[in-house]
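Colleague: The structure that follows is given in the form of structure tokens.
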Amino acid sequence: MKYDFKQIEPKWQQKWEEAKVFCAEDNSEKPKYYTLVEFPYPSGAGMHVGHIKAYSGLEVVSRKRRMQGYNVLFPIGFDAYGLPTENYAIKTGTHPRIVTDNNIAKFTSQLKRVGFSFDWSRVIDTTEEDYYRWTQWIFLKMFENGLVFRDNALVNYCPHCKVVLSNEDSQGGKCDICHSDIVQKSKTVWYLRITQYAEKLLQGLEEVDYLPNVKQQQVNWIGKSTGAFVNFTIAQTDEKLRIYTTRPDTLFGVTFMVIAPEHPMIQEQRDRITNIEALDAYREECAKKTEFERTQLVKEKSGVRIEGLTAINPVSNKEIPIYISDYVMMGYGTGAIMAVPAHDERDWEFATKFGIDIIEVIKGGDISKGAYAGDGEMVNSEFLNGYTNKKESIQRMLEYLEEKGIGEGGVQYKMKDWAFNRQRYWGEPIPIVHCAHCGMVAVPYDELPLKLPKVENFEPGEGGESPLAKIEAYVNCKCPKCGRDAKRETDTMPQWAGSSWYFLRYIDPHNESALADPEKLNYWLPVDWYNGGMEHVTRHMIYSRFWHKFLYDIGVVPCSEPYAKRTAQGLILGPDGEKMSKSRGNVVDPNDVVDVLGADVLRTYVLFMGDYASAAPWNESSMKGCKRFLERIADLTDLIKGEGVTPKLETAFHKTVKKVSLDIEDLKFNTAIACMMTLLNDIAAVGSLTKDEMLILVRLLCPFAPHLSEELWEQLGGDGFCALAPWPQWDESKTVDSTVEVAVQVNGKVRASIQIPFNCPQSDAIAAAKADEKIAVLLEGKTVIKEICVPNKIINIVVK
RNA sequence: GCGGGUAUGGCGGAAUUGGCAGACGCGCAAGAUUUAGGAUCUUGUGUUAAUUCGUGCAGGUUCGACCCCUGUUACCCGCACCA
């Protein structure tokens, strides 16, 4: 058959759509399988081939599952709220709604041309009213359950985007969208209490099947540590200064304390502090620094002693000085530390610079040269002296602290609460009303969705206020509780809101009375296999697990973890080996490949180019190999002779069916395809194959190159769609040849190769090896010390 | 600094997990076909004078090591003054 992809690809795409081949059934006798890929953000640039690789992995799995008889849900949608669209809209003067619709149309046509087997009847768009209505609904449920709060705090702020960012959105001190430096700004912001779920998010990882590095990254991000809170008395007052430490057993070594420059104690004790100007000056200096300067460039410790206040070491009762320094962060622990210079590197540097006492409490190092962080015998510590086990000494100190009411054991997490509002237009409106009498009042559920008003000017205000604040008709409203005049919240939700629960909406996308029908949720959840990018592991993955766990706690979803299994694909790099990006000009548009070589070649190539989980550069000429492969498959139709089994090919077919079947489950698509190529070479060597064999090969190929497979299936008289034909089975006993080639080594070096029957007795195998001419020569006059025989693999004869 | 990972031909990458290193594809070379180019097909292709040497480098364990152990170098990713 001539391989005419331009004719067959549109033909089958249309047939699949007409016959609804890929629509998931809600009431089915078949076992269910839910495969999920990260839905795209529809940017103006359209998709690049990286998206195609990201979706092709589970596309193959989904297609295989259908052929295995599963009722498969493999949905797609669009995560369409977000800053890039809004920035583009501002630049071009086009409304974000129009920009979004255009981008979605472009993405849709690109996806359809590749022939993905998505269920297009369940497409969702996070910016549509009947979707974000439920995003707001979940937010209000969280509000109702005390997981939403407002606080004036130092927040990550991007001066370029004019927006407050969460910790997750400003990793590395850079804005996630424009990569500008983040500054710390004091602002009143909305938070979601994700820290309340820190322990559950950590525990939940035990019960899921995620790639080890995905799990590890989440564990690190949550950052649990165990230690103690200790209250130090401030000598001049009745106030306590509370600190967190992981080593309470070093308390006798505490010679000073440090608090963050922003610590509230400075304001509270203003009157008692005699050098308040110096402290204010230092704090201002710190505020000017970017996150980068504060963490990377400042190697030398700086700080100012607080004059007029001292603390009392609660175990030794010694009076110790208090400093402010920016090496202590307000955002972790209590914003204050007890400093143990003998055993903490940072404290040691600080103490050395400021001439503070250093008291050794753990033996083993030389504290005149540096801090000693290792284990050892406790000294200078009264009742702890002589302890050598860290666990025991900590335990003993905790008992003491609790007995005396000085402190108590506790845990800390690096993860912070989720700064949830954005001062922007293109996002879900936060459904809260501010009432002078009632405070923050939720918009009643029956008024959802609180619609995003249409505006002309969606630029944010210079003072960092949302564009919605300018619309009086929107802002001014009545309090839902008391009916008096009130004002609406004008900030919107972050981009991550809509994607935190989208996989639930796919299950019942058109439901008007609930986010999804409980019975359907019960049938489809959890997602059986979720694949996406590593960059979402500490953002979207954490957020959506948090939302899901909350929904589980209030009885909306039936399971506590949303994703049973999570894998990740590697990036496709540009032909230059650099990350694909518009600015580098090395982006490959899938449409260009489909035009010239066809969708099946594109699909096969992105999976064949290398290990699915690793990054690999795009290579135009390598794609030729995939094109030749598909052409040679099409040409096989000329070699078909008869039916049944070709004896010389029987083993090769069983081997291939096995390997392709198993490799798909491990995302080893490159070797699955390589194996089919090898089979093709075997067939070429034999010169013919039967129609039945051809039908097996066509079905194996179907998940990878479905258009060609359907065409061949039809021409050969296959029943129905190849996409729903039964997946081929293999017979384990037929995956091996009756005779095997075994390498014969003498003293570990391969000297000959013999043909012997499969699984023949070891004694026969060794006898056959010794009988070989080349081996016999080498054994002459030598003493055999040892004979090793690995059945069907290798024989090694050791001689002297 | 902490955590995770990688290192194999000219290139992308295989190797049943301790058993013939380099599958499969690209590229390259020669030949066939073609007016020519392209495309296609066939054969060859780690290295060597060798039965040599070969999986970043140096050792070790073993009959046997890309695989296990010790040390070391380079690169990539994530977090980072986390108390």
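Just remember, in the structure tokens the first chain shown is A, the second B, etc., residues are 1-based per chain, and ligands are 1-based in the order shown.
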I need the contact residues of chain A against chain B, so if you could list those with any atom within 7 Å, counting only C-alpha atoms (C1' of nucleotides), and return them as a ChimeraX atom specification, that would help.
Modeller: /A:213,217,244-245,295,327,332,337,346,414,609-610,621-622,625,674,677,743,747-748,750,788,793-794,796,798
Colleague: Find the residues around A:Arg603 up to 9 Å (only C-alpha atoms (C1' of nucleotides) counted), leave out those fewer than 2 positions away in its own chain, and share them as a VMD selection string.
Modeller: chain A and resid 52 to 53 56 114 598 to 601 605 to 608 704 to 705
Colleague: Take the selection from the previous step and output its residues with N, CA and C atoms, as a compact mmCIF listing (two decimals), in the first residue's frame.
Modeller:
# COMPACT_ATOMS: atom_id res chain seq x y z
N ILE A 52 3.27 17.99 22.51
CA ILE A 52 2.91 16.74 21.83
C ILE A 52 3.55 15.56 22.55
N LYS A 53 4.81 15.74 22.94
CA LYS A 53 5.47 14.67 23.68
C LYS A 53 4.78 14.45 25.03
N SER A 56 1.65 12.51 24.35
CA SER A 56 1.77 11.25 23.60
C SER A 56 1.97 10.04 24.51
N VAL A 114 -3.17 16.07 15.37
CA VAL A 114 -2.23 15.02 15.76
C VAL A 114 -2.98 13.70 16.01
N GLY A 598 3.38 14.20 8.34
CA GLY A 598 2.18 13.56 8.86
C GLY A 598 2.19 13.41 10.37
N ALA A 599 0.99 13.28 10.94
CA ALA A 599 0.83 13.19 12.40
C ALA A 599 1.44 11.90 12.93
N ASP A 600 1.29 10.79 12.21
CA ASP A 600 1.80 9.52 12.70
C ASP A 600 3.33 9.54 12.85
N VAL A 601 4.00 10.19 11.91
CA VAL A 601 5.46 10.30 12.00
C VAL A 601 5.83 11.15 13.20
N TYR A 605 7.92 9.77 16.28
CA TYR A 605 9.24 10.36 16.54
C TYR A 605 9.39 10.89 17.97
N VAL A 606 8.37 11.62 18.47
CA VAL A 606 8.54 12.19 19.81
C VAL A 606 8.69 11.09 20.87
N LEU A 607 8.19 9.90 20.56
CA LEU A 607 8.33 8.80 21.51
C LEU A 607 9.59 7.97 21.25
N PHE A 608 10.08 8.03 20.02
CA PHE A 608 11.24 7.22 19.66
C PHE A 608 12.56 7.94 19.94
N PHE A 704 0.60 4.08 18.56
CA PHE A 704 1.64 5.01 18.15
C PHE A 704 1.25 5.75 16.86
N ALA A 705 0.85 5.00 15.86
CA ALA A 705 0.50 5.56 14.55
C ALA A 705 -0.92 5.12 14.20
Colleague: Taking the DSSP secondary structure from the backbone, can you list the residues of stretch 660-726 of chain A that are alpha helix (DSSP H), as a PyMOL selection string?
Modeller: chain A and resi 660-665+669-686+691-701+706-715
Colleague: Write a file of the selected residues as a short mmCIF file (atom, residue, chain, number, x, y, z; two decimals), in the first residue's frame, keeping N, CA and C atoms.
Modeller:
data_model
loop_
_atom_site.label_atom_id
_atom_site.label_comp_id
_atom_site.auth_asym_id
_atom_site.auth_seq_id
_atom_site.Cartn_x
_atom_site.Cartn_y
_atom_site.Cartn_z
N VAL A 660 6.43 -4.97 23.41
CA VAL A 660 5.63 -3.74 23.22
C VAL A 660 4.63 -3.59 24.37
N SER A 661 3.98 -4.67 24.72
CA SER A 661 2.97 -4.63 25.79
C SER A 661 3.58 -4.16 27.11
N LEU A 662 4.72 -4.74 27.46
CA LEU A 662 5.33 -4.41 28.75
C LEU A 662 6.01 -3.04 28.75
N ASP A 663 6.66 -2.72 27.63
CA ASP A 663 7.37 -1.44 27.57
C ASP A 663 6.42 -0.26 27.70
N ILE A 664 5.23 -0.36 27.13
CA ILE A 664 4.27 0.73 27.22
C ILE A 664 3.96 1.03 28.69
N GLU A 665 3.85 -0.02 29.49
CA GLU A 665 3.52 0.18 30.91
C GLU A 665 4.63 0.91 31.66
N PHE A 669 8.76 3.82 25.47
CA PHE A 669 8.23 3.81 24.10
C PHE A 669 9.33 3.65 23.07
N ASN A 670 10.52 4.18 23.38
CA ASN A 670 11.62 4.10 22.40
C ASN A 670 11.99 2.64 22.11
N THR A 671 12.03 1.82 23.14
CA THR A 671 12.40 0.43 22.90
C THR A 671 11.22 -0.37 22.34
N ALA A 672 10.00 0.06 22.65
CA ALA A 672 8.84 -0.61 22.06
C ALA A 672 8.85 -0.42 20.55
N ILE A 673 9.13 0.81 20.12
CA ILE A 673 9.17 1.08 18.68
C ILE A 673 10.36 0.36 18.04
N ALA A 674 11.51 0.40 18.72
CA ALA A 674 12.71 -0.27 18.20
C ALA A 674 12.43 -1.75 17.97
N CYS A 675 11.66 -2.32 18.89
CA CYS A 675 11.36 -3.74 18.78
C CYS A 675 10.48 -4.04 17.55
N MET A 676 9.55 -3.14 17.26
CA MET A 676 8.73 -3.32 16.05
C MET A 676 9.57 -3.16 14.79
N MET A 677 10.57 -2.26 14.87
CA MET A 677 11.48 -2.09 13.72
C MET A 677 12.27 -3.38 13.49
N THR A 678 12.71 -3.98 14.60
CA THR A 678 13.45 -5.24 14.49
C THR A 678 12.59 -6.32 13.86
N LEU A 679 11.33 -6.37 14.27
CA LEU A 679 10.40 -7.35 13.69
C LEU A 679 10.27 -7.13 12.18
N LEU A 680 10.23 -5.86 11.82
CA LEU A 680 10.12 -5.51 10.41
C LEU A 680 11.34 -6.03 9.65
N ASN A 681 12.51 -5.88 10.25
CA ASN A 681 13.73 -6.40 9.63
C ASN A 681 13.67 -7.92 9.51
N ASP A 682 13.12 -8.58 10.53
CA ASP A 682 12.98 -10.04 10.48
C ASP A 682 12.04 -10.45 9.35
N ILE A 683 10.94 -9.71 9.21
CA ILE A 683 9.97 -10.03 8.15
C ILE A 683 10.62 -9.85 6.78
N ALA A 684 11.38 -8.77 6.64
CA ALA A 684 12.04 -8.51 5.37
C ALA A 684 13.00 -9.64 5.03
N ALA A 685 13.67 -10.17 6.03
CA ALA A 685 14.62 -11.26 5.80
C ALA A 685 13.90 -12.53 5.34
N VAL A 686 12.71 -12.77 5.91
CA VAL A 686 11.93 -13.94 5.52
C VAL A 686 11.26 -13.71 4.16
N LYS A 691 -1.58 -12.79 6.68
CA LYS A 691 -2.52 -11.72 6.97
C LYS A 691 -2.77 -11.61 8.48
N ASP A 692 -2.85 -12.77 9.14
CA ASP A 692 -3.08 -12.74 10.59
C ASP A 692 -1.93 -12.05 11.32
N GLU A 693 -0.73 -12.32 10.84
CA GLU A 693 0.43 -11.68 11.46
C GLU A 693 0.42 -10.19 11.22
N MET A 694 0.03 -9.81 10.02
CA MET A 694 -0.06 -8.39 9.70
C MET A 694 -1.06 -7.70 10.62
N LEU A 695 -2.16 -8.37 10.90
CA LEU A 695 -3.18 -7.77 11.77
C LEU A 695 -2.67 -7.61 13.21
N ILE A 696 -1.78 -8.50 13.62
CA ILE A 696 -1.18 -8.34 14.96
C ILE A 696 -0.29 -7.10 14.98
N LEU A 697 0.54 -6.99 13.97
CA LEU A 697 1.47 -5.86 13.90
C LEU A 697 0.70 -4.54 13.84
N VAL A 698 -0.36 -4.52 13.05
CA VAL A 698 -1.15 -3.29 12.91
C VAL A 698 -1.74 -2.87 14.25
N ARG A 699 -2.18 -3.81 15.03
CA ARG A 699 -2.76 -3.47 16.34
C ARG A 699 -1.69 -3.00 17.32
N LEU A 700 -0.49 -3.60 17.24
CA LEU A 700 0.60 -3.14 18.12
C LEU A 700 0.98 -1.70 17.78
N LEU A 701 0.88 -1.39 16.51
CA LEU A 701 1.29 -0.07 16.04
C LEU A 701 0.22 0.99 16.35
N PRO A 706 -1.91 5.72 14.85
CA PRO A 706 -3.28 5.21 14.73
C PRO A 706 -3.91 5.38 13.35
N HIS A 707 -3.53 6.45 12.64
CA HIS A 707 -4.18 6.68 11.34
C HIS A 707 -3.80 5.59 10.35
N LEU A 708 -2.49 5.34 10.25
CA LEU A 708 -2.01 4.29 9.36
C LEU A 708 -2.60 2.94 9.77
N SER A 709 -2.64 2.70 11.08
CA SER A 709 -3.15 1.42 11.56
C SER A 709 -4.62 1.22 11.17
N GLU A 710 -5.42 2.27 11.33
CA GLU A 710 -6.84 2.17 10.95
C GLU A 710 -6.99 1.86 9.46
N GLU A 711 -6.19 2.54 8.66
CA GLU A 711 -6.28 2.37 7.21
C GLU A 711 -5.92 0.93 6.83
N LEU A 712 -4.84 0.42 7.39
CA LEU A 712 -4.42 -0.95 7.10
C LEU A 712 -5.45 -1.95 7.62
N TRP A 713 -5.95 -1.68 8.80
CA TRP A 713 -6.95 -2.55 9.44
C TRP A 713 -8.17 -2.65 8.53
N GLU A 714 -8.59 -1.52 7.99
CA GLU A 714 -9.76 -1.49 7.11
C GLU A 714 -9.48 -2.26 5.82
N GLN A 715 -8.32 -1.98 5.24
CA GLN A 715 -7.99 -2.63 3.97
C GLN A 715 -7.86 -4.15 4.10
#
Colleague: Can you list, as a ChimeraX atom specification, every protein, DNA or RNA residue that comes within 10 Å of A:Leu165 when you count only C-alpha atoms (C1' of nucleotides), leaving out same-chain residues fewer than 6 positions away?
Modeller: /A:155-158,171,175-176,182,418-423,494
Colleague: To one decimal in Å, tell me the separation between atom CA of A:His160 and atom CA of A:Gln184.
Modeller: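 Answer for the atom CA of A:His160 to atom CA of A:Gln184 separation: 13.4 Å.
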Colleague: Extract the full set of strand (DSSP E) residues from stretch 189-274 of chain A according to DSSP on the backbone, and format it as an NGL selection string.
Modeller: :A and (189-192 or 209-210 or 224-234 or 240-245 or 256-259)
Colleague: Rounded to one decimal place, report the atom CA of A:Val189-atom CA of A:Pro84 distance in Å.
Modeller: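 Result for atom CA of A:Val189 versus atom CA of A:Pro84: 22.1 Å, one decimal.
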Colleague: Please, what distance in Å, to one decimal, runs between atom CA of A:Thr100 and atom CA of A:Asp125?
Modeller: 9.7 Å
Colleague: With a distance cut-off of 12 Å and only C-alpha atoms (C1' of nucleotides), select the neighbouring residues of stretch 28-41 of chain B, excluding the residue or stretch itself and same-chain residues fewer than 5 positions from it, and output the selection as a PyMOL selection string.
Modeller: (chain A and resi 624+628+631-632) or (chain B and resi 10-11)
Colleague: So which residues touch B:G59 within 12 Å, counting only C-alpha atoms (C1' of nucleotides), skipping near sequence neighbours fewer than 6 positions away, as a list in words?
Modeller: C69, U70, G71 and U72 of chain B
Colleague: Those same residues, written as an mmCIF file, in the first residue's frame with all heavy atoms?
Modeller:
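And here is the file that came out, again-v7.cif:
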data_model
loop_
_atom_site.group_PDB
_atom_site.id
_atom_site.type_symbol
_atom_site.label_atom_id
_atom_site.label_comp_id
_atom_site.auth_asym_id
_atom_site.auth_seq_id
_atom_site.Cartn_x
_atom_site.Cartn_y
_atom_site.Cartn_z
ATOM 1 P P C B 69 26.875 -0.032 45.395
ATOM 2 O OP1 C B 69 25.951 0.543 46.392
ATOM 3 O OP2 C B 69 27.211 0.729 44.166
ATOM 4 O "O5'" C B 69 28.241 -0.408 46.120
ATOM 5 C "C5'" C B 69 28.254 -1.110 47.357
ATOM 6 C "C4'" C B 69 29.677 -1.259 47.843
ATOM 7 O "O4'" C B 69 30.420 -2.082 46.900
ATOM 8 C "C3'" C B 69 30.466 0.041 47.897
ATOM 9 O "O3'" C B 69 30.203 0.759 49.082
ATOM 10 C "C2'" C B 69 31.904 -0.461 47.812
ATOM 11 O "O2'" C B 69 32.358 -0.971 49.040
ATOM 12 C "C1'" C B 69 31.760 -1.616 46.816
ATOM 13 N N1 C B 69 32.036 -1.207 45.420
ATOM 14 C C2 C B 69 33.379 -1.061 45.021
ATOM 15 O O2 C B 69 34.271 -1.256 45.840
ATOM 16 N N3 C B 69 33.650 -0.696 43.737
ATOM 17 C C4 C B 69 32.646 -0.491 42.881
ATOM 18 N N4 C B 69 32.961 -0.140 41.629
ATOM 19 C C5 C B 69 31.275 -0.628 43.265
ATOM 20 C C6 C B 69 31.018 -0.980 44.525
ATOM 21 P P U B 70 30.277 2.367 49.032
ATOM 22 O OP1 U B 70 29.721 2.849 50.319
ATOM 23 O OP2 U B 70 29.713 2.860 47.750
ATOM 24 O "O5'" U B 70 31.847 2.643 49.016
ATOM 25 C "C5'" U B 70 32.665 2.266 50.122
ATOM 26 C "C4'" U B 70 34.092 2.635 49.842
ATOM 27 O "O4'" U B 70 34.609 1.807 48.761
ATOM 28 C "C3'" U B 70 34.310 4.052 49.337
ATOM 29 O "O3'" U B 70 34.281 5.011 50.377
ATOM 30 C "C2'" U B 70 35.675 3.930 48.671
ATOM 31 O "O2'" U B 70 36.724 3.916 49.611
ATOM 32 C "C1'" U B 70 35.567 2.543 48.015
ATOM 33 N N1 U B 70 35.116 2.648 46.610
ATOM 34 C C2 U B 70 36.076 2.933 45.646
ATOM 35 O O2 U B 70 37.246 3.112 45.917
ATOM 36 N N3 U B 70 35.605 3.011 44.361
ATOM 37 C C4 U B 70 34.298 2.843 43.936
ATOM 38 O O4 U B 70 34.036 2.944 42.743
ATOM 39 C C5 U B 70 33.366 2.549 44.988
ATOM 40 C C6 U B 70 33.793 2.460 46.261
ATOM 41 P P G B 71 33.712 6.475 50.029
ATOM 42 O OP1 G B 71 33.676 7.220 51.306
ATOM 43 O OP2 G B 71 32.495 6.358 49.209
ATOM 44 O "O5'" G B 71 34.853 7.111 49.104
ATOM 45 C "C5'" G B 71 36.113 7.432 49.667
ATOM 46 C "C4'" G B 71 37.123 7.678 48.576
ATOM 47 O "O4'" G B 71 37.147 6.559 47.651
ATOM 48 C "C3'" G B 71 36.866 8.870 47.659
ATOM 49 O "O3'" G B 71 37.158 10.107 48.251
ATOM 50 C "C2'" G B 71 37.791 8.529 46.491
ATOM 51 O "O2'" G B 71 39.143 8.791 46.814
ATOM 52 C "C1'" G B 71 37.571 7.018 46.374
ATOM 53 N N9 G B 71 36.526 6.740 45.373
ATOM 54 C C8 G B 71 35.236 6.327 45.574
ATOM 55 N N7 G B 71 34.562 6.193 44.451
ATOM 56 C C5 G B 71 35.464 6.547 43.462
ATOM 57 C C6 G B 71 35.336 6.615 42.053
ATOM 58 O O6 G B 71 34.343 6.348 41.362
ATOM 59 N N1 G B 71 36.503 7.033 41.438
ATOM 60 C C2 G B 71 37.666 7.354 42.085
ATOM 61 N N2 G B 71 38.695 7.739 41.322
ATOM 62 N N3 G B 71 37.819 7.296 43.402
ATOM 63 C C4 G B 71 36.693 6.887 44.010
ATOM 64 P P U B 72 36.362 11.408 47.774
ATOM 65 O OP1 U B 72 36.885 12.557 48.550
ATOM 66 O OP2 U B 72 34.911 11.115 47.774
ATOM 67 O "O5'" U B 72 36.826 11.571 46.256
ATOM 68 C "C5'" U B 72 38.157 11.965 45.952
ATOM 69 C "C4'" U B 72 38.355 12.018 44.452
ATOM 70 O "O4'" U B 72 37.994 10.734 43.866
ATOM 71 C "C3'" U B 72 37.456 13.004 43.709
ATOM 72 O "O3'" U B 72 37.931 14.336 43.774
ATOM 73 C "C2'" U B 72 37.500 12.430 42.288
ATOM 74 O "O2'" U B 72 38.700 12.752 41.628
ATOM 75 C "C1'" U B 72 37.457 10.929 42.571
ATOM 76 N N1 U B 72 36.083 10.398 42.523
ATOM 77 C C2 U B 72 35.531 10.172 41.279
ATOM 78 O O2 U B 72 36.126 10.393 40.245
ATOM 79 N N3 U B 72 34.254 9.677 41.282
ATOM 80 C C4 U B 72 33.478 9.390 42.389
ATOM 81 O O4 U B 72 32.349 8.940 42.235
ATOM 82 C C5 U B 72 34.110 9.650 43.648
ATOM 83 C C6 U B 72 35.361 10.136 43.667
#
